Every structure is written in C-alpha cells, then in structure tokens.
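Listing of run-v7.cif; format and content: mmCIF, C-alpha atoms.
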```cif
data_structure
#
loop_
_atom_site.label_atom_id
_atom_site.label_comp_id
_atom_site.auth_asym_id
_atom_site.auth_seq_id
_atom_site.Cartn_x
_atom_site.Cartn_y
_atom_site.Cartn_z
CA MET A 1 0.00 0.00 0.00
CA SER A 2 1.20 3.50 -0.81
CA VAL A 3 -0.12 6.19 1.54
CA THR A 4 0.70 9.71 0.45
CA LEU A 5 0.60 12.70 2.72
CA GLY A 6 -1.55 14.57 0.24
CA ASN A 7 -3.73 17.23 1.83
CA SER A 8 -3.44 15.83 5.36
CA VAL A 9 -3.64 18.74 7.78
CA ARG A 10 -3.23 16.88 11.05
CA VAL A 11 -0.56 14.19 11.36
CA LEU A 12 -0.36 12.23 14.61
CA PHE A 13 2.47 10.00 15.84
CA GLN A 14 1.78 7.35 18.45
CA GLY A 15 4.07 4.94 20.23
CA ASP A 16 6.57 4.51 23.02
CA SER A 17 9.79 6.23 24.10
CA ILE A 18 11.29 6.17 20.60
CA THR A 19 8.42 8.37 19.46
CA ASP A 20 8.16 10.27 22.75
CA ALA A 21 11.86 11.28 22.54
CA GLY A 22 11.73 13.49 25.62
CA ARG A 23 8.71 15.57 24.68
CA ASP A 24 7.10 17.82 27.30
CA ARG A 25 3.84 16.04 28.08
CA ASP A 26 2.42 19.21 29.64
CA ASP A 27 2.75 20.95 26.27
CA ASP A 28 0.42 19.56 23.60
CA SER A 29 2.61 21.05 20.87
CA SER A 30 5.86 19.48 22.09
CA LEU A 31 7.35 17.01 19.61
CA GLY A 32 10.43 15.83 21.51
CA ASN A 33 13.91 15.69 20.04
CA GLY A 34 13.67 12.62 17.83
CA TYR A 35 12.36 11.50 14.46
CA VAL A 36 8.96 13.17 14.90
CA SER A 37 10.58 16.58 15.33
CA LEU A 38 12.75 16.03 12.26
CA ILE A 39 9.71 15.02 10.21
CA ALA A 40 7.78 18.08 11.40
CA GLU A 41 10.62 20.41 10.43
CA ASN A 42 10.71 18.89 6.97
CA LEU A 43 6.95 19.07 6.51
CA ALA A 44 6.81 22.68 7.70
CA ALA A 45 9.24 23.66 4.96
CA ALA A 46 6.64 22.63 2.38
CA THR A 47 3.32 23.28 4.12
CA PRO A 48 3.50 25.53 7.19
CA ALA A 49 -0.22 25.10 7.93
CA ARG A 50 0.14 21.35 8.48
CA ARG A 51 0.04 20.36 12.17
CA VAL A 52 2.12 17.53 13.58
CA LEU A 53 1.24 16.03 16.96
CA ASN A 54 3.23 13.60 19.11
CA ARG A 55 1.53 11.45 21.74
CA GLY A 56 4.22 8.82 22.24
CA ILE A 57 4.77 7.82 25.87
CA GLY A 58 7.92 6.09 27.07
CA GLY A 59 7.47 2.53 28.29
CA ASN A 60 4.16 1.99 26.53
CA ARG A 61 3.11 -1.37 25.19
CA VAL A 62 0.25 -1.90 22.78
CA ALA A 63 -2.18 -2.47 25.67
CA ASP A 64 -1.23 0.97 27.02
CA LEU A 65 -2.03 2.54 23.67
CA ARG A 66 -5.39 0.81 23.68
CA ALA A 67 -6.15 2.14 27.17
CA ARG A 68 -5.56 5.77 26.14
CA TRP A 69 -6.60 5.53 22.49
CA GLN A 70 -9.80 7.57 22.73
CA ARG A 71 -8.18 10.53 24.48
CA ASP A 72 -4.81 10.52 22.77
CA THR A 73 -5.80 9.47 19.26
CA LEU A 74 -9.46 9.41 18.32
CA ASP A 75 -10.30 12.71 20.05
CA LEU A 76 -7.50 14.38 18.09
CA ALA A 77 -9.05 13.35 14.75
CA PRO A 78 -5.85 12.87 12.74
CA ASP A 79 -5.93 12.75 8.96
CA LEU A 80 -2.80 10.59 8.96
CA LEU A 81 -1.82 8.38 11.90
CA SER A 82 1.63 6.83 12.32
CA VAL A 83 2.05 4.08 14.92
CA MET A 84 5.17 2.33 16.19
CA VAL A 85 4.80 0.04 19.20
CA GLY A 86 6.04 -3.38 20.25
CA ILE A 87 9.59 -3.29 21.55
CA ASN A 88 8.40 -2.88 25.15
CA ASP A 89 6.10 -5.88 24.72
CA THR A 90 9.30 -7.81 24.01
CA TRP A 91 11.58 -6.02 26.52
CA ARG A 92 9.31 -6.62 29.54
CA ARG A 93 9.54 -10.36 28.90
CA TYR A 94 13.30 -10.27 29.37
CA ASP A 95 13.75 -7.73 32.15
CA GLU A 96 10.62 -8.37 34.23
CA GLY A 97 9.27 -11.73 33.07
CA ASP A 98 6.04 -9.96 32.05
CA VAL A 99 4.89 -11.66 28.86
CA THR A 100 2.51 -10.28 26.27
CA THR A 101 1.80 -13.04 23.77
CA VAL A 102 2.00 -12.28 20.09
CA GLU A 103 -1.71 -13.11 19.83
CA GLU A 104 -2.57 -10.56 22.53
CA TYR A 105 -0.30 -8.01 20.89
CA ALA A 106 -1.90 -8.48 17.48
CA GLN A 107 -5.44 -8.39 18.89
CA ASP A 108 -4.92 -5.10 20.78
CA TYR A 109 -3.17 -3.61 17.75
CA ARG A 110 -6.02 -4.71 15.48
CA VAL A 111 -8.62 -3.07 17.74
CA ILE A 112 -6.92 0.34 17.82
CA LEU A 113 -6.24 0.32 14.09
CA GLY A 114 -9.86 -0.56 13.38
CA GLN A 115 -11.06 2.33 15.51
CA ALA A 116 -8.69 4.76 13.82
CA ARG A 117 -9.64 3.58 10.34
CA ASP A 118 -13.34 3.84 11.17
CA ALA A 119 -12.72 7.43 12.30
CA GLY A 120 -11.27 8.24 8.88
CA ALA A 121 -7.53 8.22 9.53
CA ARG A 122 -5.09 6.90 6.95
CA LEU A 123 -2.45 4.68 8.52
CA VAL A 124 1.31 4.31 8.58
CA LEU A 125 2.68 1.38 10.59
CA VAL A 126 6.33 1.44 11.63
CA GLU A 127 7.74 -1.95 12.57
CA PRO A 128 9.19 -2.34 16.04
CA PHE A 129 12.92 -2.89 15.75
CA LEU A 130 16.00 -4.04 17.62
CA VAL A 131 19.62 -3.29 16.76
CA PRO A 132 21.41 -5.70 19.13
CA VAL A 133 24.38 -4.23 20.96
CA ASP A 134 25.35 -7.41 22.85
CA ASP A 135 24.92 -11.16 22.68
CA ALA A 136 22.07 -11.18 25.20
CA GLN A 137 19.89 -9.01 22.98
CA TRP A 138 20.10 -11.43 20.10
CA ALA A 139 17.88 -13.75 22.17
CA TRP A 140 15.15 -11.09 22.05
CA ARG A 141 14.68 -11.76 18.35
CA GLU A 142 12.76 -14.94 19.19
CA ASP A 143 10.07 -12.76 20.74
CA LEU A 144 10.33 -9.66 18.54
CA ASP A 145 10.42 -11.21 15.08
CA PRO A 146 6.88 -12.67 15.34
CA ARG A 147 5.64 -9.21 16.40
CA ILE A 148 7.26 -7.67 13.33
CA HIS A 149 5.50 -10.28 11.19
CA ALA A 150 2.21 -9.43 12.95
CA VAL A 151 2.66 -5.76 12.09
CA ARG A 152 3.29 -6.66 8.46
CA ARG A 153 0.08 -8.69 8.37
CA LEU A 154 -1.85 -5.84 10.00
CA ALA A 155 -0.49 -3.39 7.45
CA ALA A 156 -1.89 -5.59 4.69
CA GLU A 157 -5.18 -6.10 6.53
CA PHE A 158 -5.73 -2.38 7.09
CA ASP A 159 -4.29 -1.17 3.79
CA ALA A 160 -1.68 0.80 5.72
CA ALA A 161 1.71 2.01 4.55
CA LEU A 162 4.50 -0.06 6.16
CA LEU A 163 7.89 1.25 7.19
CA ALA A 164 10.22 -1.76 7.52
CA ALA A 165 12.28 -0.14 10.26
CA ASP A 166 14.02 -3.25 11.58
CA GLY A 167 15.97 -4.00 8.43
CA LEU A 168 16.49 -0.32 7.70
CA LEU A 169 18.13 0.46 11.04
CA ASN A 170 20.17 -2.73 11.21
CA GLN A 171 21.56 -1.96 7.75
CA ALA A 172 22.33 1.59 8.89
CA ALA A 173 24.23 0.16 11.86
CA ARG A 174 26.30 -2.07 9.59
CA GLU A 175 27.12 0.90 7.37
CA ALA A 176 28.01 3.01 10.41
CA GLY A 177 30.30 0.30 11.77
CA SER A 178 28.49 -0.33 15.06
CA ALA A 179 25.03 -0.84 16.50
CA GLU A 180 25.65 1.86 19.11
CA ALA A 181 26.00 4.45 16.35
CA ILE A 182 22.30 3.98 15.53
CA ALA A 183 20.71 2.75 18.78
CA ARG A 184 22.79 3.33 21.89
CA ASP A 185 21.24 0.43 23.83
CA GLY A 186 19.83 -1.48 20.89
CA VAL A 187 16.46 0.26 21.20
CA HIS A 188 16.76 4.01 21.83
CA LEU A 189 17.98 5.81 18.76
CA THR A 190 20.93 8.14 18.50
CA PRO A 191 20.58 11.36 16.49
CA ALA A 192 21.82 9.44 13.45
CA GLY A 193 19.23 6.73 14.04
CA HIS A 194 16.42 9.26 14.36
CA ALA A 195 17.55 10.97 11.14
CA CYS A 196 17.56 7.64 9.31
CA LEU A 197 14.05 6.81 10.50
CA ALA A 198 12.71 10.29 9.71
CA ALA A 199 14.10 10.23 6.17
CA ALA A 200 12.57 6.81 5.51
CA TRP A 201 9.18 7.93 6.86
CA LEU A 202 9.16 11.03 4.67
CA ASP A 203 10.15 9.01 1.62
CA LEU A 204 7.40 6.48 2.37
CA VAL A 205 4.68 9.14 2.25
CA GLY A 206 6.30 11.11 -0.56
CA ALA A 207 6.84 14.18 1.57
CA ARG A 208 10.58 14.79 1.86
CA ALA A 209 11.28 18.42 0.97
CA ALA A 210 14.95 18.46 1.97
CA THR A 211 17.76 16.30 3.28
CA VAL A 212 17.11 15.22 6.87
CA SER A 213 20.07 16.04 9.08
CA VAL A 214 20.81 16.42 12.76
#
```

File written out as structure tokens:
Amino acid sequence: MSVTLGNSVRVLFQGDSITDAGRDRDDDSSLGNGYVSLIAENLAAATPARRVLNRGIGGNRVADLRARWQRDTLDLAPDLLSVMVGINDTWRRYDEGDVTTVEEYAQDYRVILGQARDAGARLVLVEPFLVPVDDAQWAWREDLDPRIHAVRRLAAEFDAALLAADGLLNQAAREAGSAEAIARDGVHLTPAGHACLAAAWLDLVGARAATVSV
C-alpha cells in the first residue's frame, strides 16, 4: 500500500519512548527531540499550515495505547496516523518476566487500528525494531520477530503504509560500523538513528522536501 501525505492537515504520531523522545507532556505542541521533530521540520518547509502532533509515551506497550486511544488518538481526529509500538512488549519479557503473547499483541493492535480507520484516519505502521548491541539481545529476536510479522500482516489487513524499520536500522548500523552508532542500547535511537528513520518515513509518504540532518 502507498499512503501519500496529500492534503493531510493533522498528522499524529503514536508509540513509546522512541516516538516520545523526551517531549514535554504538559505541552500539547511538544514534539520531543527525535524522528517526529525532524519530520515536522521537513513538513513545515513545504506546508507551514500542516500540524504535527506527538503522543508517544515512554514505556508503553500496545495495551497501554489501547487504554488511552480515545483521548490521545481518536479525540485528536488525525488525517494521517503513524504508529510504532512493540519493543516494550518484548523487553518486559526479558527484564521483568512480564509476557505479552503475540496473539494478545496483534489483537490489541487490530482493535486500535480498526477504531482509527473507522474514524477516517489513513495509517502508517512502523515496525518495532531491535539493533542488538550485545549477545544477550540477540535472544530477544525470538520474541520480537513474530511481532514484526504481525505488524506486516496488520499493514496488509488495514491497507496501511508499512515502514520496515528493523531491516532499515540494522543496515544503517552495519554501514556506520556499530550498532551503538544507531541505537545506543539497541532500542533508543541516536541522532543518526532518528535521522535515518525520519528520512525513511518522509520518503514512504512522498513528503521529503529536503535532506534530513541532525
């Protein structure tokens, strides 16, 4: 599916800490200092009237998005909605023994996407990703890879644009010479990682007006 930005006036980003990127949650206009901010700067160069909103919250899993979906998504009535969630569903299994099954993950994700689609939003799904920085993190792939496959199936089911972030960022790490150059702990992106993701997102929706740099 090819989703173009077109005449979208309100673009909303949802997800976890990678999307949150240190935004001020007391300021509805705050975009953080990550890929969302870079995308907004690029979009503003072409269409200043377009509004970009960020409602990512660090630590969120898909069930957390579902719990706040009405307030933080549907009530904002986005024309274009971009969602990236899933790495915390994997991470909590390994650091806290708190398991979200892939079936539960896919079901919650399907519910929120259905609600957004029914409200008229066009969808961009960004795969969860992992750029392993040590041997222990390679074991996470057993849990994460099925979630990535679930997101790909949901993108097809909901006719959403899909950003294949996992392969993109792992390739960027190989080109940079180290995983830490892209994701300092395997998950949280460096400025270079955020720039890579922002450029790919803009290319996906046909909206890049200039080179994305940090």

| message | So the first atom is atom CA of A:Ala161 and the second is atom CA of A:Gly59; what is the distance between them in Å, to one decimal place? | response |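 Separation between atom CA of A:Ala161 and atom CA of A:Gly59: 24.4 Å.
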
| field | Top pick for closest residue to A:Thr73, considering A:Arg122, A:Ala40, A:Phe13, A:Pro132 and counting only C-alpha atoms | value |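 Between A:Arg122, A:Ala40, A:Phe13, A:Pro132, the residue approaching A:Thr73 most closely is A:Phe13.
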
| task | Quick one: pull the distance between atom CA of A:Glu175 and atom CA of A:Ala199, Å, one decimal. | result |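 Answer for the atom CA of A:Glu175 to atom CA of A:Ala199 separation: 16.1 Å.
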
| message | Translate the PyMOL selection byres ((chain A and resi 58) around 9) into a concrete residue list for this structure, as a ChimeraX atom specification. | response | /A:15-22,56-57,59-60

| note | Students should find that atom CA of A:Leu197 and atom CA of A:Leu169 are spaced 7.6 Å

| query | What lies within 12 Å of A:Arg184 using only C-alpha atoms, ignoring chain neighbours under 4 positions off, as a list in words? | reply | Ile18, Leu130, Val131, Pro132, Val133, Asp134, Ala173, Ser178, Ala179, Glu180, His188, Leu189, Thr190, Pro191, Ala192, Gly193 and His194 of chain A

| message | I want to know what sits within 7 Å of stretch 30-33 of chain A, based on all atoms listed in the file, with residues of the same chain fewer than 2 positions away left out; could you give that as a list in words? | response | Asp20, Ala21, Gly22, Arg23, Asp24, Asp27, Asp28, Val36, Ser37, Leu53 and Asn54 of chain A

Take the selection from the previous step and output its residues with C-alpha atoms, as an mmCIF file, keeping the file's coordinate frame.
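Saved file out25.cif follows:
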```
data_model
loop_
_atom_site.group_PDB
_atom_site.id
_atom_site.type_symbol
_atom_site.label_atom_id
_atom_site.label_comp_id
_atom_site.auth_asym_id
_atom_site.auth_seq_id
_atom_site.Cartn_x
_atom_site.Cartn_y
_atom_site.Cartn_z
ATOM 1 C CA ASP A 20 8.160 10.270 22.750
ATOM 2 C CA ALA A 21 11.860 11.280 22.540
ATOM 3 C CA GLY A 22 11.730 13.490 25.620
ATOM 4 C CA ARG A 23 8.710 15.570 24.680
ATOM 5 C CA ASP A 24 7.100 17.820 27.300
ATOM 6 C CA ASP A 27 2.750 20.950 26.270
ATOM 7 C CA ASP A 28 0.420 19.560 23.600
ATOM 8 C CA VAL A 36 8.960 13.170 14.900
ATOM 9 C CA SER A 37 10.580 16.580 15.330
ATOM 10 C CA LEU A 53 1.240 16.030 16.960
ATOM 11 C CA ASN A 54 3.230 13.600 19.110
#
```

| query | Mind telling me what the PyMOL selection byres ((chain A and resi 140-153) around 10) catches here, as number ranges by chain? | reply | A: 84-91, 93-94, 99-103, 105-107, 109-110, 125-132, 135-139, 154-166

| field | A:Trp69 environment, 10 Å, all atoms listed in the file, sequence neighbours closer than 6 positions dropped, as a list of chain:residue names | value |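 What passes the distance filter is A:Gln14, A:Ala63, A:Asp75, A:Leu76, A:Ile112, A:Leu113, A:Gln115, A:Ala116.
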
| Which residue of A:Leu38, A:Leu202, A:Arg92, A:Asn170 approaches A:Val124 most closely, using only C-alpha atoms | A:Leu202

| request: Would you mind telling me which residue in A:Leu5, A:Ala198, A:Asp108, A:Ala176 lies nearest to A:Ala67 when using all atoms listed in the file? | output: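 Using all atoms listed in the file, the shortest distance to A:Ala67 belongs to A:Asp108.
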